[in-house]
>>> print(open('final_7.txt').read())   # compact mmCIF, C-alpha atoms
# COMPACT_ATOMS: atom_id res chain seq x y z
CA MET A 1 -3.99 47.32 -9.03
CA LYS A 2 -6.96 47.61 -6.66
CA SER A 3 -9.33 44.66 -6.35
CA ALA A 4 -12.40 44.76 -8.56
CA LYS A 5 -14.67 44.03 -5.59
CA LEU A 6 -13.40 47.05 -3.66
CA ILE A 7 -13.82 49.36 -6.63
CA LEU A 8 -17.30 48.06 -7.39
CA GLY A 9 -18.21 48.88 -3.80
CA LEU A 10 -16.92 52.43 -4.20
CA ALA A 11 -18.72 52.73 -7.49
CA PHE A 12 -22.06 51.68 -6.01
CA MET A 13 -21.71 54.28 -3.25
CA ALA A 14 -20.87 56.93 -5.80
CA ILE A 15 -24.06 56.29 -7.76
CA PHE A 16 -25.96 58.24 -5.13
CA ILE A 17 -23.74 61.25 -5.85
CA LEU A 18 -23.46 60.90 -9.63
CA ALA A 19 -26.88 59.50 -10.40
CA LYS A 20 -27.82 61.48 -13.48
CA PRO A 21 -26.29 60.86 -16.92
CA ILE A 22 -22.89 62.46 -17.19
CA TYR A 23 -22.39 62.87 -20.94
CA ALA A 24 -22.75 66.60 -20.33
CA GLN A 25 -21.27 69.98 -21.08
CA ALA A 26 -17.53 70.49 -21.34
CA GLN A 27 -15.69 71.55 -18.22
CA GLN A 28 -14.63 75.19 -18.12
CA LYS A 29 -10.93 74.68 -17.40
CA THR A 30 -9.83 71.80 -19.61
CA GLY A 31 -12.77 71.52 -21.97
CA LEU A 32 -12.71 67.75 -21.45
CA HIS A 33 -15.85 65.69 -20.98
CA MET A 34 -17.20 62.28 -21.87
CA LEU A 35 -17.68 61.89 -25.61
CA LYS A 36 -18.56 58.27 -26.35
CA SER A 37 -18.98 54.84 -24.82
CA PHE A 38 -17.60 51.75 -26.56
CA PRO A 39 -19.48 48.60 -25.44
CA ILE A 40 -17.67 45.28 -24.94
CA LYS A 41 -20.03 42.39 -24.31
CA SER A 42 -17.59 39.84 -22.85
CA THR A 43 -17.68 39.23 -19.09
CA GLY A 44 -15.28 39.66 -16.20
CA GLY A 45 -13.36 42.31 -14.30
CA TRP A 46 -10.62 44.55 -15.64
CA ASP A 47 -7.45 46.41 -14.76
CA TYR A 48 -4.99 48.37 -16.93
CA ILE A 49 -5.73 49.86 -20.34
CA THR A 50 -3.05 50.71 -22.93
CA VAL A 51 -3.56 53.14 -25.82
CA ASP A 52 -1.44 52.92 -28.99
CA GLY A 53 -2.11 56.32 -30.48
CA ALA A 54 0.19 55.87 -33.49
CA ASN A 55 -1.80 52.83 -34.65
CA LYS A 56 -5.15 54.05 -33.30
CA LEU A 57 -5.65 51.00 -31.09
CA ILE A 58 -6.83 50.40 -27.52
CA TYR A 59 -5.80 47.32 -25.53
CA THR A 60 -7.88 46.64 -22.43
CA SER A 61 -7.65 43.81 -19.92
CA HIS A 62 -11.02 42.15 -19.37
CA GLY A 63 -11.75 38.88 -17.61
CA ASN A 64 -9.28 36.34 -18.98
CA GLN A 65 -8.62 38.08 -22.27
CA VAL A 66 -7.34 41.27 -23.84
CA ASN A 67 -9.84 43.15 -25.99
CA ILE A 68 -8.45 45.24 -28.85
CA LEU A 69 -10.48 48.14 -30.21
CA SER A 70 -9.84 50.97 -32.61
CA THR A 71 -9.82 54.43 -31.07
CA SER A 72 -13.12 54.98 -32.88
CA GLY A 73 -14.66 52.14 -30.87
CA ASP A 74 -14.73 49.32 -33.42
CA SER A 75 -13.79 45.84 -32.26
CA VAL A 76 -10.52 44.75 -33.91
CA SER A 77 -9.56 41.49 -32.23
CA TYR A 78 -9.00 39.83 -28.87
CA ILE A 79 -6.36 37.66 -27.23
CA PRO A 80 -7.92 34.82 -25.19
CA ASN A 81 -6.47 32.63 -22.45
CA THR A 82 -4.75 35.32 -20.41
CA PRO A 83 -5.76 34.21 -16.88
CA GLY A 84 -5.81 37.07 -14.40
CA VAL A 85 -4.73 39.60 -17.01
CA HIS A 86 -3.57 42.94 -15.60
CA GLY A 87 -1.56 44.98 -18.09
CA ILE A 88 -0.25 45.22 -21.65
CA ALA A 89 3.14 46.57 -22.73
CA LEU A 90 3.99 47.35 -26.37
CA VAL A 91 7.41 47.12 -28.03
CA HIS A 92 6.90 48.56 -31.50
CA ALA A 93 10.51 48.17 -32.62
CA LEU A 94 10.12 44.38 -32.42
CA ASN A 95 6.40 44.31 -33.27
CA LYS A 96 5.65 42.51 -30.00
CA GLY A 97 3.31 42.98 -27.07
CA TYR A 98 3.58 41.60 -23.53
CA ILE A 99 0.66 40.72 -21.24
CA SER A 100 0.90 40.12 -17.49
CA ALA A 101 -1.23 37.09 -16.57
CA GLY A 102 -1.41 37.20 -12.78
CA ARG A 103 -3.13 33.90 -12.08
CA VAL A 104 -0.55 31.78 -13.90
CA ASN A 105 2.56 33.83 -13.05
CA LYS A 106 3.43 34.35 -16.70
CA VAL A 107 3.92 36.99 -19.33
CA ILE A 108 2.25 36.20 -22.64
CA VAL A 109 4.00 37.51 -25.77
CA PHE A 110 1.98 38.37 -28.88
CA ASP A 111 2.45 39.77 -32.39
CA LEU A 112 1.28 43.38 -32.77
CA THR A 113 0.11 42.79 -36.36
CA THR A 114 -1.69 39.46 -36.16
CA PHE A 115 -2.36 39.47 -32.39
CA LYS A 116 -1.29 35.82 -32.35
CA VAL A 117 0.45 34.49 -29.24
CA LEU A 118 4.18 33.97 -29.76
CA GLY A 119 5.12 32.46 -26.42
CA GLU A 120 4.98 32.54 -22.64
CA ILE A 121 7.56 33.61 -20.05
CA ALA A 122 7.52 32.46 -16.41
CA VAL A 123 7.96 35.43 -14.03
CA GLY A 124 7.37 36.16 -10.34
CA THR A 125 4.19 35.48 -8.40
CA ASN A 126 1.12 37.46 -9.48
CA PRO A 127 2.57 39.80 -12.11
CA ASP A 128 0.51 42.97 -12.13
CA ALA A 129 1.83 46.18 -13.69
CA ILE A 130 3.99 45.76 -16.79
CA PHE A 131 5.83 48.27 -18.97
CA TYR A 132 8.60 48.63 -21.54
CA GLU A 133 11.74 50.47 -20.40
CA PRO A 134 13.27 52.09 -23.52
CA PHE A 135 16.73 53.00 -22.18
CA ALA A 136 17.94 49.42 -21.67
CA LYS A 137 15.23 47.89 -23.88
CA LYS A 138 13.70 45.63 -21.23
CA VAL A 139 10.16 44.76 -20.12
CA TYR A 140 9.47 44.92 -16.39
CA THR A 141 6.71 43.10 -14.55
CA PHE A 142 5.95 44.07 -10.97
CA ASN A 143 4.86 41.00 -9.05
CA GLY A 144 2.41 41.55 -6.21
CA ARG A 145 2.80 38.39 -4.16
CA SER A 146 6.52 37.74 -4.58
CA LYS A 147 7.16 41.48 -3.99
CA ASP A 148 9.73 41.78 -6.74
CA ALA A 149 10.26 42.79 -10.35
CA SER A 150 11.01 40.43 -13.23
CA VAL A 151 13.15 41.93 -16.01
CA ILE A 152 12.72 40.49 -19.52
CA ASP A 153 15.20 40.92 -22.36
CA VAL A 154 12.91 41.61 -25.33
CA ALA A 155 15.52 40.33 -27.80
CA THR A 156 15.42 36.82 -26.30
CA ASP A 157 12.19 36.90 -24.27
CA LYS A 158 14.10 35.54 -21.28
CA VAL A 159 14.04 36.76 -17.69
CA ILE A 160 17.51 38.15 -17.01
CA ALA A 161 17.00 39.45 -13.46
CA THR A 162 14.66 39.36 -10.48
CA ILE A 163 14.84 42.48 -8.35
CA PRO A 164 13.64 42.24 -4.70
CA LEU A 165 11.46 45.20 -3.75
CA ASP A 166 10.50 44.25 -0.16
CA ALA A 167 6.98 45.61 -0.67
CA LYS A 168 3.96 45.05 -2.89
CA PRO A 169 4.71 46.92 -6.12
CA GLU A 170 2.21 48.75 -8.28
CA THR A 171 2.80 50.91 -11.38
CA GLY A 172 6.29 51.53 -12.75
CA VAL A 173 7.70 54.18 -15.11
CA SER A 174 11.07 55.13 -16.61
CA ASP A 175 12.82 58.46 -16.96
CA GLY A 176 14.27 57.26 -20.28
CA LYS A 177 17.79 57.90 -18.96
CA GLY A 178 18.47 54.74 -16.95
CA LYS A 179 16.22 55.01 -13.90
CA VAL A 180 13.03 53.06 -13.21
CA PHE A 181 10.53 54.15 -10.56
CA VAL A 182 7.86 51.91 -9.03
CA ASN A 183 5.23 52.55 -6.36
CA ALA A 184 5.58 50.39 -3.24
CA GLU A 185 1.98 50.19 -2.08
CA THR A 186 2.53 48.57 1.31
CA THR A 187 5.35 50.87 2.47
CA ASN A 188 4.21 54.15 0.87
CA GLU A 189 7.44 54.59 -1.04
CA VAL A 190 8.81 54.95 -4.55
CA VAL A 191 11.57 52.42 -5.22
CA VAL A 192 14.30 53.55 -7.63
CA ILE A 193 15.88 50.87 -9.85
CA ASN A 194 19.07 51.29 -11.85
CA ALA A 195 18.19 50.08 -15.36
CA THR A 196 21.82 49.12 -16.06
CA THR A 197 22.75 47.23 -12.87
CA LEU A 198 19.16 45.99 -12.40
CA LYS A 199 19.31 46.70 -8.68
CA ALA A 200 17.16 48.83 -6.38
CA GLU A 201 19.33 51.77 -5.36
CA ALA A 202 17.04 54.12 -3.41
CA ARG A 203 13.69 54.35 -1.66
CA TYR A 204 11.77 57.64 -1.55
CA LYS A 205 9.14 58.18 1.14
CA ILE A 206 5.79 59.46 -0.10
CA GLU A 207 4.88 62.07 2.50
CA GLY A 208 1.16 62.32 3.10
CA GLY A 209 0.32 59.57 0.61
CA ASP A 210 -1.16 56.15 1.42
CA GLU A 211 -1.32 53.07 -0.84
CA PRO A 212 0.26 54.57 -3.97
CA SER A 213 -1.02 52.96 -7.16
CA GLY A 214 -1.11 55.29 -10.18
CA LEU A 215 2.19 56.73 -11.38
CA ASP A 216 3.57 58.71 -14.32
CA ILE A 217 6.49 61.00 -15.03
CA ASP A 218 7.29 64.23 -16.82
CA ARG A 219 10.65 63.31 -18.33
CA ALA A 220 11.39 66.95 -19.24
CA THR A 221 11.28 68.17 -15.63
CA ASN A 222 11.95 64.82 -13.90
CA ARG A 223 8.78 65.04 -11.84
CA LEU A 224 6.78 62.04 -10.63
CA PHE A 225 2.99 62.23 -10.25
CA ILE A 226 1.76 59.66 -7.73
CA GLY A 227 -1.89 58.69 -7.21
CA CYS A 228 -2.54 57.36 -3.71
CA GLY A 229 -5.84 55.50 -3.41
CA GLY A 230 -5.60 54.86 0.32
CA ASN A 231 -6.15 58.49 1.25
CA SER A 232 -7.30 60.00 -2.06
CA THR A 233 -4.21 62.13 -2.62
CA MET A 234 -1.92 63.04 -5.52
CA VAL A 235 1.70 63.68 -4.58
CA VAL A 236 4.25 65.35 -6.86
CA MET A 237 7.86 64.28 -6.29
CA ASP A 238 11.30 65.20 -7.60
CA ALA A 239 12.55 61.98 -9.21
CA ALA A 240 16.19 63.01 -8.68
CA ASN A 241 16.09 63.02 -4.89
CA GLY A 242 12.63 62.04 -3.66
CA LYS A 243 11.71 65.51 -2.45
CA ASN A 244 7.95 65.86 -2.08
CA LEU A 245 6.95 69.04 -3.90
CA ALA A 246 3.16 69.22 -3.75
CA LYS A 247 0.09 67.35 -2.56
CA PHE A 248 -3.52 67.57 -3.74
CA PRO A 249 -6.82 65.98 -2.58
CA ILE A 250 -8.33 63.83 -5.33
CA GLY A 251 -10.64 60.79 -5.41
CA GLY A 252 -10.07 57.08 -4.82
CA CYS A 253 -7.34 56.87 -7.44
CA ASP A 254 -6.08 53.67 -9.06
CA GLY A 255 -4.68 54.89 -12.38
CA LEU A 256 -2.79 58.02 -13.43
CA VAL A 257 -1.41 59.35 -16.72
CA PHE A 258 0.53 62.47 -17.66
CA ASP A 259 0.25 64.48 -20.87
CA PRO A 260 3.72 65.96 -21.50
CA LYS A 261 2.54 68.45 -24.11
CA LEU A 262 -0.35 69.86 -22.09
CA LYS A 263 1.52 69.42 -18.77
CA LEU A 264 -1.55 67.83 -17.19
CA ALA A 265 -1.69 64.88 -14.79
CA TYR A 266 -4.94 62.90 -14.78
CA ALA A 267 -5.89 60.62 -11.87
CA SER A 268 -8.80 58.24 -12.51
CA ASN A 269 -10.99 57.72 -9.45
CA GLY A 270 -13.38 54.85 -8.81
CA GLU A 271 -16.10 57.21 -7.55
CA GLY A 272 -16.50 58.51 -11.09
CA THR A 273 -14.14 61.43 -11.64
CA ILE A 274 -10.79 62.33 -13.20
CA SER A 275 -8.78 64.70 -10.98
CA VAL A 276 -6.59 67.06 -13.02
CA VAL A 277 -3.38 68.74 -11.81
CA LYS A 278 -1.46 71.25 -13.96
CA GLU A 279 2.34 71.50 -13.93
CA LEU A 280 2.98 75.24 -14.25
CA SER A 281 6.74 74.83 -13.86
CA ALA A 282 9.14 72.25 -12.42
CA ASP A 283 8.29 73.41 -8.90
CA LYS A 284 4.81 74.88 -9.20
CA PHE A 285 1.56 72.95 -9.60
CA GLU A 286 -2.13 73.65 -9.27
CA PHE A 287 -5.33 71.65 -9.02
CA VAL A 288 -7.51 72.28 -12.06
CA GLU A 289 -10.77 70.35 -11.71
CA ASN A 290 -12.59 67.04 -11.33
CA ILE A 291 -14.00 65.81 -14.64
CA PRO A 292 -17.10 63.61 -14.19
CA THR A 293 -16.88 60.09 -15.65
CA GLU A 294 -18.74 57.07 -14.27
CA PRO A 295 -18.54 55.10 -11.03
CA SER A 296 -16.05 52.19 -11.39
CA ALA A 297 -13.88 54.03 -13.99
CA ARG A 298 -10.73 53.64 -11.91
CA THR A 299 -8.01 53.01 -14.54
CA ILE A 300 -7.00 55.22 -17.44
CA GLY A 301 -5.09 55.31 -20.72
CA ILE A 302 -4.05 58.29 -22.81
CA ASP A 303 -3.61 58.90 -26.53
CA LEU A 304 -0.68 61.32 -26.59
CA LEU A 305 -1.41 62.28 -30.20
CA THR A 306 -5.06 63.28 -29.80
CA HIS A 307 -4.87 63.99 -26.03
CA LYS A 308 -7.98 61.86 -25.48
CA LEU A 309 -8.43 59.69 -22.39
CA TYR A 310 -9.92 56.19 -22.23
CA LEU A 311 -11.33 54.53 -19.11
CA PRO A 312 -12.85 51.04 -18.65
CA ALA A 313 -16.06 50.95 -16.61
CA ALA A 314 -19.17 48.85 -15.93
CA LYS A 315 -22.55 49.25 -14.27
CA THR A 316 -23.17 47.69 -10.87
CA GLU A 317 -26.18 46.41 -8.99
CA PRO A 318 -26.77 45.44 -5.35
CA GLY A 319 -25.55 42.03 -4.25
CA VAL A 320 -27.96 39.39 -2.94
CA VAL A 321 -28.56 39.65 0.81
CA THR A 322 -28.42 36.34 2.64
CA ALA A 323 -28.26 35.27 6.28
CA GLU A 324 -24.61 34.37 5.80
CA ASN A 325 -23.83 37.61 3.96
CA PRO A 326 -26.15 40.40 5.16
CA LYS A 327 -24.04 43.16 3.55
CA PRO A 328 -22.98 41.83 0.15
CA ARG A 329 -20.76 43.78 -2.19
CA PRO A 330 -22.32 45.21 -5.36
CA LYS A 331 -21.83 43.08 -8.44
CA GLN A 332 -21.13 43.92 -12.05
CA VAL A 333 -24.15 43.98 -14.36
CA PRO A 334 -23.50 41.34 -17.06
CA GLY A 335 -22.85 42.82 -20.47
CA SER A 336 -22.35 46.37 -19.17
CA PHE A 337 -18.56 46.62 -19.59
CA HIS A 338 -17.49 49.50 -21.81
CA ILE A 339 -14.73 52.00 -22.55
CA ILE A 340 -15.38 55.70 -21.92
CA GLU A 341 -13.78 58.19 -24.28
CA VAL A 342 -12.99 61.60 -22.76
CA GLY A 343 -11.94 64.55 -24.87
CA LYS A 344 -13.10 67.79 -26.47
CA ASN A 345 -15.84 68.22 -29.06
>>> encode(input="final_7.txt", output="structure tokens")
Amino acid sequence: MKSAKLILGLAFMAIFILAKPIYAQAQQKTGLHMLKSFPIKSTGGWDYITVDGANKLIYTSHGNQVNILSTSGDSVSYIPNTPGVHGIALVHALNKGYISAGRVNKVIVFDLTTFKVLGEIAVGTNPDAIFYEPFAKKVYTFNGRSKDASVIDVATDKVIATIPLDAKPETGVSDGKGKVFVNAETTNEVVVINATTLKAEARYKIEGGDEPSGLDIDRATNRLFIGCGGNSTMVVMDAANGKNLAKFPIGGCDGLVFDPKLKLAYASNGEGTISVVKELSADKFEFVENIPTEPSARTIGIDLLTHKLYLPAAKTEPGVVTAENPKPRPKQVPGSFHIIEVGKN
């Protein structure tokens, strides 16, 4: 996903706009607001966050490890030695989790009960987004530098295919019926992969969207919700044919999740907001509101059982000005990393 340095810069700028404490009144339209903050004292940047609502667990990438918390904020465990960790995929049927470790070009497999590492799998260069595709029962990693996808058979934990994407991939999702969709950040497209043949079969242009990162799908209506951080836009697309159906101004989005029961798409923005779009029908959508969060809260996870949202964030401070670097980027305040819980009272 987006670089931590870039997001920290956006976050520092946003402090001037969102300076006062934001644990405030509920919004009028969704009733969602920040409820709690779960501190995590380890150091380092972060990327994706995965919420396991059924088991009341949160998995967040942080530095070179994965921190595991309960959804009430208690520390449960952690998985160390995951260099350049980006994302976490869960395969409950086999009681296994998969971590993309971007700096070592590997996926790390772990046990969902003990959190012990079970093995490592070599994949493409700089694996970033990772997810489990339930139709063909495969794990996909989307590899930023090699511009391809590695497909892992979860029964054997072996790579069975490498799919060229001809662009830097970001988040991927599945329709659950044999199609995989992945954002192509450098070409402003959605690439469609056949989950059976393991080949890219179509490319959909994202009209009016730049640098797509966040992505989710409503499987009932076959609609893709695409968060474009390059021009702060959410695009809604028909997954069947790539038709662009709607476009909304949002913030500097990196992550996006969709709640299929509430029919709400949430884009997490590094400036410190969540932009909310409502799906009224398969072809009608409306912007609902921006929910205040905190600067730097650019990625997002959702508990589909409680409908709560979880966002990693950290405080920033000005960088040190030197003759060689007169305009330094803001830096993360040590010990300030935390998870924001967003929901209703």
>>> residues_near_point(input="final_7.txt", point="(-8.7, 37.1, -28.8)", cutoff="8 Å", atoms="all atoms listed in the file", output="NGL selection string")
:A and (65-67 or 77-80 or 115)
>>> residues_around(input="final_7.txt", residues="Ala239 (chain A)", least_positions_apart="6", cutoff="6 Å", atoms="only C-alpha atoms", output="PyMOL selection string")
chain A and resi 222-224
>>> write_last_selection(input="final_7.txt", atoms="C-alpha atoms", output="PDB file, in the coordinates of the input")
ATOM      1  CA  ASN A 222      11.950  64.820 -13.900  1.00  0.00           C
ATOM      2  CA  ARG A 223       8.780  65.040 -11.840  1.00  0.00           C
ATOM      3  CA  LEU A 224       6.780  62.040 -10.630  1.00  0.00           C
TER       4      LEU A 224
END
>>> residues_around(input="final_7.txt", residues="Val107 (chain A)", least_positions_apart="3", cutoff="12 Å", atoms="only C-alpha atoms", output="ChimeraX atom specification")
/A:81-89,97-104,110,117-131,139-143,150-152,154,157-159
>>> residues_near_point(input="final_7.txt", point="(1.4, 58.1, -0.1)", cutoff="10 Å", atoms="all atoms listed in the file", output="compact mmCIF listing (two decimals) with C-alpha atoms, keeping the file's coordinate frame")
# COMPACT_ATOMS: atom_id res chain seq x y z
CA ASN A 183 5.23 52.55 -6.36
CA ALA A 184 5.58 50.39 -3.24
CA GLU A 185 1.98 50.19 -2.08
CA THR A 186 2.53 48.57 1.31
CA THR A 187 5.35 50.87 2.47
CA ASN A 188 4.21 54.15 0.87
CA GLU A 189 7.44 54.59 -1.04
CA VAL A 190 8.81 54.95 -4.55
CA LYS A 205 9.14 58.18 1.14
CA ILE A 206 5.79 59.46 -0.10
CA GLU A 207 4.88 62.07 2.50
CA GLY A 208 1.16 62.32 3.10
CA GLY A 209 0.32 59.57 0.61
CA ASP A 210 -1.16 56.15 1.42
CA GLU A 211 -1.32 53.07 -0.84
CA PRO A 212 0.26 54.57 -3.97
CA SER A 213 -1.02 52.96 -7.16
CA ILE A 226 1.76 59.66 -7.73
CA GLY A 227 -1.89 58.69 -7.21
CA CYS A 228 -2.54 57.36 -3.71
CA GLY A 229 -5.84 55.50 -3.41
CA GLY A 230 -5.60 54.86 0.32
CA ASN A 231 -6.15 58.49 1.25
CA SER A 232 -7.30 60.00 -2.06
CA THR A 233 -4.21 62.13 -2.62
CA MET A 234 -1.92 63.04 -5.52
CA VAL A 235 1.70 63.68 -4.58
CA LYS A 247 0.09 67.35 -2.56
>>> residues_around(input="final_7.txt", residues="Phe225 (chain A)", least_positions_apart="4", cutoff="9 Å", atoms="only C-alpha atoms", output="VMD selection string")
chain A and resid 214 to 218 234 to 237 256 to 258 265
>>> residues_around(input="final_7.txt", residues="Gly178 (chain A)", least_positions_apart="4", cutoff="7 Å", atoms="all atoms listed in the file", output="PyMOL selection string")
chain A and resi 135+194-196
>>> residues_around(input="final_7.txt", residues="region 267-271 of chain A", least_positions_apart="2", cutoff="7 Å", atoms="all atoms listed in the file", output="VMD selection string")
chain A and resid 7 10 to 11 14 227 251 to 257 265 273 to 276 295 to 300
>>> closest_residue(input="final_7.txt", among="A:Asp175, A:Val321, A:His92, A:Thr197", to="Ile160 (chain A)", atoms="all atoms listed in the file")
A:Thr197
>>> atom_distance(input="final_7.txt", atom1="CA of Asn244 (chain A)", atom2="CA of Leu165 (chain A)")
21.0 Å
>>> atom_distance(input="final_7.txt", atom1="CA of Glu279 (chain A)", atom2="CA of Ala202 (chain A)")
25.1 Å
>>> atom_distance(input="final_7.txt", atom1="CA of Tyr48 (chain A)", atom2="CA of Glu170 (chain A)")
11.3 Å
>>> closest_residue(input="final_7.txt", among="A:Leu262, A:Ala220, A:Glu317, A:Asn95", to="Ala282 (chain A)", atoms="all atoms listed in the file")
A:Ala220
>>> closest_residue(input="final_7.txt", among="A:Ala200, A:Ala246, A:Val180, A:Asp47", to="Thr162 (chain A)", atoms="all atoms listed in the file")
A:Ala200
>>> closest_residue(input="final_7.txt", among="A:Tyr132, A:Tyr204, A:Phe38, A:Phe285", to="Thr50 (chain A)", atoms="only C-alpha atoms")
A:Tyr132
>>> closest_atom_pairs(input="final_7.txt", of="region 33-79 of chain A", to="region 303-315 of chain A", cutoff="7 Å", atoms="all atoms listed in the file", output="Markdown table")
| residue | atom | partner | partner_atom | distance |
| --- | --- | --- | --- | --- |
| A:Val51 | CA | A:Asp303 | CA | 5.8 |
| A:Asp52 | CA | A:Asp303 | CA | 6.8 |
| A:Gly53 | CA | A:Asp303 | CA | 5.0 |
>>> closest_residue(input="final_7.txt", among="A:Leu94, A:Met1, A:Ile193, A:Val182", to="Ala155 (chain A)", atoms="all atoms listed in the file")
A:Leu94
>>> build_atoms(input="final_7.txt", residues="region 30-44 of chain A", atoms="N, CA and C atoms", output="tab-separated table (two decimals), keeping the file's coordinate frame")
chain	number	residue	atom	x	y	z
A	30	THR	N	-10.55	72.61	-18.63
A	30	THR	CA	-9.83	71.80	-19.61
A	30	THR	C	-10.62	71.61	-20.90
A	31	GLY	N	-11.92	71.79	-20.81
A	31	GLY	CA	-12.77	71.52	-21.97
A	31	GLY	C	-13.01	70.05	-22.20
A	32	LEU	N	-12.55	69.19	-21.28
A	32	LEU	CA	-12.71	67.75	-21.45
A	32	LEU	C	-14.01	67.27	-20.82
A	33	HIS	N	-14.65	66.33	-21.50
A	33	HIS	CA	-15.85	65.69	-20.98
A	33	HIS	C	-16.04	64.36	-21.70
A	34	MET	N	-16.97	63.58	-21.25
A	34	MET	CA	-17.20	62.28	-21.87
A	34	MET	C	-17.82	62.46	-23.24
A	35	LEU	N	-17.22	61.78	-24.23
A	35	LEU	CA	-17.68	61.89	-25.61
A	35	LEU	C	-18.49	60.69	-26.05
A	36	LYS	N	-17.93	59.48	-25.84
A	36	LYS	CA	-18.56	58.27	-26.35
A	36	LYS	C	-18.36	57.14	-25.36
A	37	SER	N	-19.14	56.08	-25.58
A	37	SER	CA	-18.98	54.84	-24.82
A	37	SER	C	-18.88	53.69	-25.80
A	38	PHE	N	-17.83	52.88	-25.66
A	38	PHE	CA	-17.60	51.75	-26.56
A	38	PHE	C	-17.96	50.46	-25.83
A	39	PRO	N	-19.08	49.81	-26.17
A	39	PRO	CA	-19.48	48.60	-25.44
A	39	PRO	C	-18.62	47.40	-25.79
A	40	ILE	N	-18.36	46.55	-24.78
A	40	ILE	CA	-17.67	45.28	-24.94
A	40	ILE	C	-18.50	44.25	-24.20
A	41	LYS	N	-19.02	43.27	-24.89
A	41	LYS	CA	-20.03	42.39	-24.31
A	41	LYS	C	-19.46	41.19	-23.55
A	42	SER	N	-18.15	40.97	-23.61
A	42	SER	CA	-17.59	39.84	-22.85
A	42	SER	C	-17.68	40.14	-21.36
A	43	THR	N	-17.47	39.11	-20.53
A	43	THR	CA	-17.68	39.23	-19.09
A	43	THR	C	-16.36	39.27	-18.34
A	44	GLY	N	-16.43	39.70	-17.07
A	44	GLY	CA	-15.28	39.66	-16.20
A	44	GLY	C	-14.83	41.04	-15.76
